[in-house]
>>> print(open('protein.csv').read())   # CSV, C-alpha atoms
chain,number,residue,atom,x,y,z
A,7,MET,CA,-22.1,-46.7,12.3
A,8,ILE,CA,-18.7,-47.8,11.1
A,9,THR,CA,-18.9,-50.7,8.6
A,10,VAL,CA,-16.5,-53.6,8.1
A,11,LEU,CA,-15.3,-52.1,4.8
A,12,VAL,CA,-14.4,-48.8,6.6
A,13,LEU,CA,-12.5,-50.7,9.3
A,14,LEU,CA,-10.6,-52.7,6.6
A,15,ALA,CA,-9.7,-49.5,4.9
A,16,ALA,CA,-8.4,-48.1,8.2
A,17,CYS,CA,-6.4,-51.3,8.8
A,18,ALA,CA,-4.7,-51.0,5.4
A,19,ALA,CA,-3.9,-47.4,6.0
A,20,ALA,CA,-2.5,-48.3,9.5
A,21,PHE,CA,-0.2,-51.0,8.0
A,22,ALA,CA,1.2,-48.7,5.2
A,23,LEU,CA,1.8,-45.8,7.5
A,24,ALA,CA,3.3,-47.8,10.3
A,25,LEU,CA,5.7,-49.1,7.7
A,26,LEU,CA,6.5,-45.5,6.7
A,27,SER,CA,7.1,-44.5,10.4
A,28,ALA,CA,9.4,-47.5,10.9
A,29,VAL,CA,11.5,-46.4,7.9
A,30,ALA,CA,11.6,-42.6,8.4
A,31,GLY,CA,10.9,-42.4,12.1
A,32,PHE,CA,7.7,-40.4,11.6
A,33,GLY,CA,5.1,-39.6,9.0
A,34,GLY,CA,2.6,-42.3,9.7
A,35,GLY,CA,0.6,-40.2,12.1
A,36,VAL,CA,0.7,-37.1,9.9
A,37,LEU,CA,-0.6,-39.0,6.9
A,38,LEU,CA,-3.0,-41.3,8.9
A,39,LEU,CA,-4.8,-38.3,10.5
A,40,PRO,CA,-6.5,-37.1,7.3
A,41,VAL,CA,-7.5,-40.7,6.5
A,42,PHE,CA,-9.0,-41.3,9.9
A,43,THR,CA,-10.7,-37.9,9.8
A,44,ALA,CA,-12.3,-38.7,6.5
A,45,LEU,CA,-13.4,-42.1,7.8
A,46,PHE,CA,-14.5,-41.2,11.4
A,47,GLY,CA,-14.5,-37.4,11.9
A,48,LEU,CA,-11.8,-35.2,13.6
A,49,ARG,CA,-12.8,-35.5,17.3
A,50,PHE,CA,-13.0,-39.3,16.9
A,51,ALA,CA,-9.9,-39.5,14.7
A,52,VAL,CA,-7.4,-37.8,17.1
A,53,PRO,CA,-7.8,-40.2,20.1
A,54,MET,CA,-8.1,-43.2,17.8
A,55,LEU,CA,-4.9,-42.1,16.0
A,56,THR,CA,-3.2,-42.0,19.4
A,57,LEU,CA,-4.1,-45.6,20.1
A,58,THR,CA,-2.7,-46.6,16.7
A,59,GLN,CA,0.5,-44.6,17.4
A,60,LEU,CA,0.9,-46.3,20.8
A,61,SER,CA,1.2,-49.7,19.2
A,62,SER,CA,3.3,-48.4,16.3
A,63,ASN,CA,5.8,-46.6,18.6
A,64,GLY,CA,5.9,-49.4,21.1
A,65,SER,CA,6.8,-51.9,18.4
A,66,ARG,CA,9.6,-49.7,17.1
A,67,VAL,CA,11.0,-49.3,20.6
A,68,TRP,CA,11.1,-53.1,21.0
A,69,LEU,CA,12.6,-53.7,17.6
A,70,ASN,CA,15.4,-51.1,18.1
A,71,ARG,CA,15.8,-51.6,21.9
A,72,ARG,CA,19.5,-52.2,21.7
A,73,ASP,CA,20.2,-48.7,20.2
A,74,LEU,CA,18.0,-46.5,22.4
A,75,ASN,CA,19.5,-43.2,23.8
A,76,ARG,CA,17.9,-43.3,27.2
A,77,ARG,CA,19.3,-40.0,28.3
A,78,LEU,CA,17.5,-38.1,25.5
A,79,ILE,CA,14.3,-40.0,26.2
A,80,GLY,CA,14.4,-38.9,29.8
A,81,TRP,CA,15.0,-35.2,29.0
A,82,PHE,CA,12.3,-35.3,26.3
A,83,ALA,CA,9.8,-36.8,28.7
A,84,LEU,CA,10.3,-34.0,31.2
A,85,GLY,CA,8.9,-31.5,28.8
A,86,ALA,CA,6.5,-33.8,26.9
A,87,VAL,CA,4.4,-35.2,29.7
A,88,PRO,CA,3.0,-32.0,31.3
A,89,PHE,CA,2.4,-30.3,27.9
A,90,ALA,CA,0.8,-33.4,26.4
A,91,LEU,CA,-1.5,-33.5,29.4
A,92,ALA,CA,-2.4,-29.8,29.0
A,93,GLY,CA,-2.9,-30.2,25.2
A,94,GLY,CA,-5.1,-33.2,25.7
A,95,LEU,CA,-7.4,-31.3,28.0
A,96,LEU,CA,-7.6,-28.4,25.5
A,97,LEU,CA,-8.4,-30.5,22.5
A,98,ALA,CA,-12.1,-29.8,22.5
A,99,HIS,CA,-11.6,-26.0,22.4
A,100,ALA,CA,-8.4,-25.3,20.6
A,101,PRO,CA,-8.3,-23.6,17.1
A,102,LEU,CA,-6.5,-26.4,15.2
A,103,ALA,CA,-6.2,-25.0,11.6
A,104,PRO,CA,-3.8,-22.1,12.4
A,105,LEU,CA,-1.6,-24.4,14.5
A,106,LYS,CA,-1.3,-26.9,11.6
A,107,ARG,CA,-0.4,-24.3,9.1
A,108,ALA,CA,2.3,-22.8,11.4
A,109,LEU,CA,3.8,-26.3,11.8
A,110,GLY,CA,3.8,-26.7,8.1
A,111,VAL,CA,5.8,-23.6,7.6
A,112,PHE,CA,8.3,-24.7,10.3
A,113,LEU,CA,8.9,-28.1,8.8
A,114,ILE,CA,9.6,-26.8,5.3
A,115,GLY,CA,11.8,-24.1,6.7
A,116,VAL,CA,13.8,-26.8,8.6
A,117,VAL,CA,14.6,-28.7,5.5
A,118,VAL,CA,15.7,-25.5,3.7
A,119,TRP,CA,17.8,-24.6,6.7
A,120,ARG,CA,19.4,-28.1,6.8
A,121,ARG,CA,20.4,-27.7,3.1
A,122,LEU,CA,22.0,-24.4,3.8
A,123,ASN,CA,23.7,-25.6,7.0
A,124,PRO,CA,24.6,-29.3,6.3
A,125,HIS,CA,26.6,-29.5,9.6
A,126,PRO,CA,24.4,-27.9,12.3
A,127,ARG,CA,25.6,-27.5,15.8
A,128,LYS,CA,24.7,-30.5,18.0
A,129,PRO,CA,22.0,-29.6,20.5
A,130,SER,CA,22.5,-30.4,24.2
A,131,ALA,CA,20.7,-33.3,25.7
A,132,ARG,CA,18.8,-30.8,28.0
A,133,ALA,CA,17.5,-28.9,25.0
A,134,PHE,CA,15.2,-31.9,24.4
A,135,ILE,CA,13.1,-30.7,27.4
A,136,GLY,CA,11.9,-27.8,25.1
A,137,VAL,CA,11.6,-30.2,22.1
A,138,GLY,CA,9.4,-32.5,24.3
A,139,ALA,CA,7.3,-29.6,25.5
A,140,ALA,CA,6.5,-28.3,22.0
A,141,SER,CA,5.9,-31.9,20.7
A,142,GLY,CA,3.7,-32.8,23.6
A,143,LEU,CA,1.4,-29.8,23.2
A,144,GLY,CA,1.3,-30.1,19.4
A,145,SER,CA,0.8,-33.8,19.4
A,146,ALA,CA,-2.1,-33.6,21.8
A,147,LEU,CA,-3.9,-30.9,19.8
A,148,LEU,CA,-3.1,-32.1,16.2
A,149,GLY,CA,-2.8,-35.9,16.7
A,150,SER,CA,0.7,-36.2,15.4
A,151,VAL,CA,3.7,-33.9,15.2
A,152,GLY,CA,6.4,-36.5,14.7
A,153,PRO,CA,8.1,-34.4,12.0
A,154,LEU,CA,8.7,-31.6,14.6
A,155,THR,CA,11.2,-33.7,16.5
A,156,ALA,CA,13.1,-35.2,13.5
A,157,PRO,CA,15.4,-32.3,12.9
A,158,PHE,CA,16.6,-32.2,16.5
A,159,PHE,CA,17.3,-36.0,16.7
A,160,LEU,CA,19.1,-35.8,13.4
A,161,ALA,CA,21.2,-32.8,14.6
A,162,TYR,CA,22.1,-34.7,17.7
A,163,GLY,CA,23.7,-37.3,15.5
A,164,LEU,CA,21.3,-40.2,15.7
A,165,ALA,CA,20.6,-42.3,12.6
A,166,ARG,CA,18.8,-45.4,11.6
A,167,ALA,CA,18.1,-47.8,14.5
A,168,ALA,CA,19.2,-45.3,17.2
A,169,TYR,CA,17.1,-42.5,15.7
A,170,ILE,CA,14.0,-44.7,15.0
A,171,GLY,CA,14.0,-46.3,18.5
A,172,THR,CA,14.8,-43.2,20.5
A,173,GLU,CA,12.3,-41.1,18.7
A,174,ALA,CA,9.6,-43.8,19.1
A,175,ALA,CA,10.4,-44.1,22.9
A,176,ALA,CA,10.2,-40.3,23.3
A,177,ALA,CA,6.8,-40.3,21.4
A,178,LEU,CA,5.5,-43.1,23.6
A,179,THR,CA,5.7,-40.9,26.7
A,180,MET,CA,3.5,-38.4,24.9
A,181,HIS,CA,0.9,-40.9,23.7
A,182,LEU,CA,0.5,-42.5,27.1
A,183,THR,CA,0.0,-39.0,28.6
A,184,LYS,CA,-2.5,-38.0,25.9
A,185,LEU,CA,-4.6,-41.1,26.5
A,186,ALA,CA,-4.9,-40.2,30.1
A,187,ALA,CA,-5.9,-36.6,29.2
A,188,TYR,CA,-8.4,-37.8,26.6
A,189,GLY,CA,-9.9,-40.1,29.1
A,190,ALA,CA,-10.3,-37.3,31.6
A,191,GLY,CA,-12.0,-35.2,28.9
A,192,ASP,CA,-14.4,-38.0,28.0
A,193,LEU,CA,-12.9,-38.3,24.5
A,194,LEU,CA,-11.7,-41.9,25.0
A,195,THR,CA,-14.9,-43.9,24.5
A,196,THR,CA,-15.4,-47.7,24.5
A,197,LYS,CA,-16.0,-47.6,20.7
A,198,ILE,CA,-12.6,-45.8,20.1
A,199,LEU,CA,-10.8,-48.4,22.3
A,200,VAL,CA,-12.4,-51.3,20.4
A,201,TYR,CA,-11.5,-49.8,17.0
A,202,GLY,CA,-8.0,-48.9,18.2
A,203,ALA,CA,-7.4,-52.5,19.3
A,204,ALA,CA,-8.7,-53.8,15.9
A,205,LEU,CA,-6.0,-51.8,14.1
A,206,THR,CA,-3.1,-53.0,16.3
A,207,PRO,CA,-2.2,-56.2,14.3
A,208,ALA,CA,-1.9,-54.2,11.1
A,209,THR,CA,0.2,-51.6,12.8
A,210,LEU,CA,2.6,-54.1,14.3
A,211,ALA,CA,3.0,-55.9,10.9
A,212,GLY,CA,3.8,-52.5,9.3
A,213,ALA,CA,6.4,-51.7,11.9
A,214,TRP,CA,8.1,-55.1,11.6
A,215,THR,CA,8.3,-54.8,7.8
A,216,GLY,CA,9.7,-51.3,8.0
A,217,LYS,CA,12.4,-52.4,10.4
A,218,LYS,CA,13.6,-54.9,7.8
A,219,ILE,CA,13.8,-52.1,5.2
A,220,VAL,CA,15.8,-49.8,7.5
A,221,ASP,CA,18.4,-52.5,8.1
A,222,ARG,CA,19.2,-52.5,4.4
A,223,ILE,CA,19.7,-48.8,3.7
A,224,SER,CA,22.6,-46.5,4.3
A,225,ASP,CA,22.7,-43.5,6.7
A,226,ARG,CA,22.8,-41.1,3.8
A,227,VAL,CA,19.7,-42.6,2.1
A,228,PHE,CA,18.0,-42.6,5.5
A,229,VAL,CA,18.6,-38.9,6.0
A,230,HIS,CA,17.2,-38.1,2.5
A,231,LEU,CA,14.1,-40.2,3.3
A,232,VAL,CA,13.6,-38.2,6.5
A,233,GLU,CA,13.9,-34.9,4.8
A,234,ALA,CA,11.5,-35.9,2.0
A,235,GLY,CA,9.1,-36.9,4.8
A,236,LEU,CA,9.5,-33.5,6.4
A,237,LEU,CA,8.6,-31.7,3.1
A,238,THR,CA,5.6,-33.9,2.5
A,239,ALA,CA,4.3,-33.4,6.1
A,240,GLY,CA,4.9,-29.7,5.9
A,241,ALA,CA,2.9,-29.4,2.6
A,242,LEU,CA,0.0,-31.5,4.1
A,243,PHE,CA,-0.1,-29.2,7.2
A,244,LEU,CA,-0.1,-26.1,5.0
A,245,LEU,CA,-3.0,-27.5,3.0
A,246,GLY,CA,-4.8,-28.1,6.3
A,247,LEU,CA,-4.9,-31.9,5.9
>>> encode(input="protein.csv", output="structure tokens")
Amino acid sequence: MITVLVLLAACAAAFALALLSAVAGFGGGVLLLPVFTALFGLRFAVPMLTLTQLSSNGSRVWLNRRDLNRRLIGWFALGAVPFALAGGLLLAHAPLAPLKRALGVFLIGVVVWRRLNPHPRKPSARAFIGVGAASGLGSALLGSVGPLTAPFFLAYGLARAAYIGTEAAAALTMHLTKLAAYGAGDLLTTKILVYGAALTPATLAGAWTGKKIVDRISDRVFVHLVEAGLLTAGALFLLGL
């Protein structure tokens, strides 16, 4: 049985990591997953995390709605929706540990590559179909792969509000699809829905606070924050957290 103290701890973590996501565009889900896993267990944590991300991303979309790149969101959704559905149905049977370590290697490698190639070629908008497909599958299986999309949105030239809002809107298409898949797989129980709703106020407050911080930093500082987040996320995935 989940106690009030455990739920309060989850709310505090949801606030802090929603704030982080609002500043860097990702990271909250990656860091929140091990917290939720420790508190609730992995099979319970992944769908619960998705509910938390739904409110976190939805609030970031609203707060940055004037700067959204709707074209990228559309291409991303074309790949993300079917693969998020497939990943959600596979969650109960997939080998998660090897996938997490492979993603960790990729994220650290991306930061090294960006340092060696400070002006990468801008990807086409249609390339985000592939980005969406990889993200949708990985997110459904691992709970959160927000760092996977960051290098591509940065390479496209998005920064601050445009980056935060567009990435959040793209992620929102995955989370809605994942919830449908988890429901079909009997992973979305009434208890998870209730606890997910209980965390929503803390998540919204964190996203609002993070937006205020983003408005005060430069594009250069923003990119450095994102790269630091990529390295942290990569290390956590390699450690299996």
>>> residues_near_point(input="protein.csv", point="(-1.2, -55.2, 6.1)", cutoff="12 Å", atoms="all atoms listed in the file", output="PyMOL selection string")
chain A and resi 14-25+205-216
>>> atom_distance(input="protein.csv", atom1="CA of Thr9 (chain A)", atom2="CA of Tyr188 (chain A)")
24.5 Å
>>> residues_around(input="protein.csv", residues="region 200-202 of chain A", least_positions_apart="2", cutoff="10 Å", atoms="only C-alpha atoms", output="ChimeraX atom specification")
/A:8,13,16-17,53-61,195-198,204-206
>>> residues_around(input="protein.csv", residues="Trp81 (chain A)", least_positions_apart="3", cutoff="8 Å", atoms="all atoms listed in the file", output="list in words")
Arg77, Leu78, Leu84, Gly85, Ala131, Arg132, Ala133, Phe134, Ile135 and Gly138 of chain A
>>> closest_residue(input="protein.csv", among="A:Leu95, A:Leu237, A:Ala167, A:Leu242", to="Val118 (chain A)", atoms="all atoms listed in the file")
A:Leu237
>>> atom_distance(input="protein.csv", atom1="CA of Val29 (chain A)", atom2="CA of Tyr162 (chain A)")
18.6 Å
>>> atom_distance(input="protein.csv", atom1="CA of Ala186 (chain A)", atom2="CA of Gly142 (chain A)")
13.1 Å
>>> residues_near_point(input="protein.csv", point="(20.1, -47.4, 18.0)", cutoff="9 Å", atoms="all atoms listed in the file", output="list in words")
Asn70, Arg71, Arg72, Asp73, Leu74, Asn75, Leu164, Ala165, Arg166, Ala167, Ala168, Tyr169, Ile170, Gly171 and Thr172 of chain A
>>> closest_residue(input="protein.csv", among="A:Val227, A:Leu160, A:Ile114, A:Leu182", to="Gly64 (chain A)", atoms="all atoms listed in the file")
A:Leu182
>>> residues_around(input="protein.csv", residues="Glu173 (chain A)", least_positions_apart="2", cutoff="8 Å", atoms="all atoms listed in the file", output="VMD selection string")
chain A and resid 31 79 155 to 156 159 169 to 171 175 to 177
>>> closest_residue(input="protein.csv", among="A:Leu185, A:Ser141, A:Leu147, A:Ser130", to="Gly163 (chain A)", atoms="all atoms listed in the file")
A:Ser130
>>> closest_residue(input="protein.csv", among="A:Leu39, A:Ala51, A:Ala146, A:Ala174", to="Arg76 (chain A)", atoms="all atoms listed in the file")
A:Ala174
>>> closest_residue(input="protein.csv", among="A:Lys217, A:Thr43, A:Val232, A:Phe82", to="Val12 (chain A)", atoms="all atoms listed in the file")
A:Thr43
>>> closest_residue(input="protein.csv", among="A:Arg127, A:His181, A:Arg107, A:Arg121", to="Leu143 (chain A)", atoms="all atoms listed in the file")
A:His181
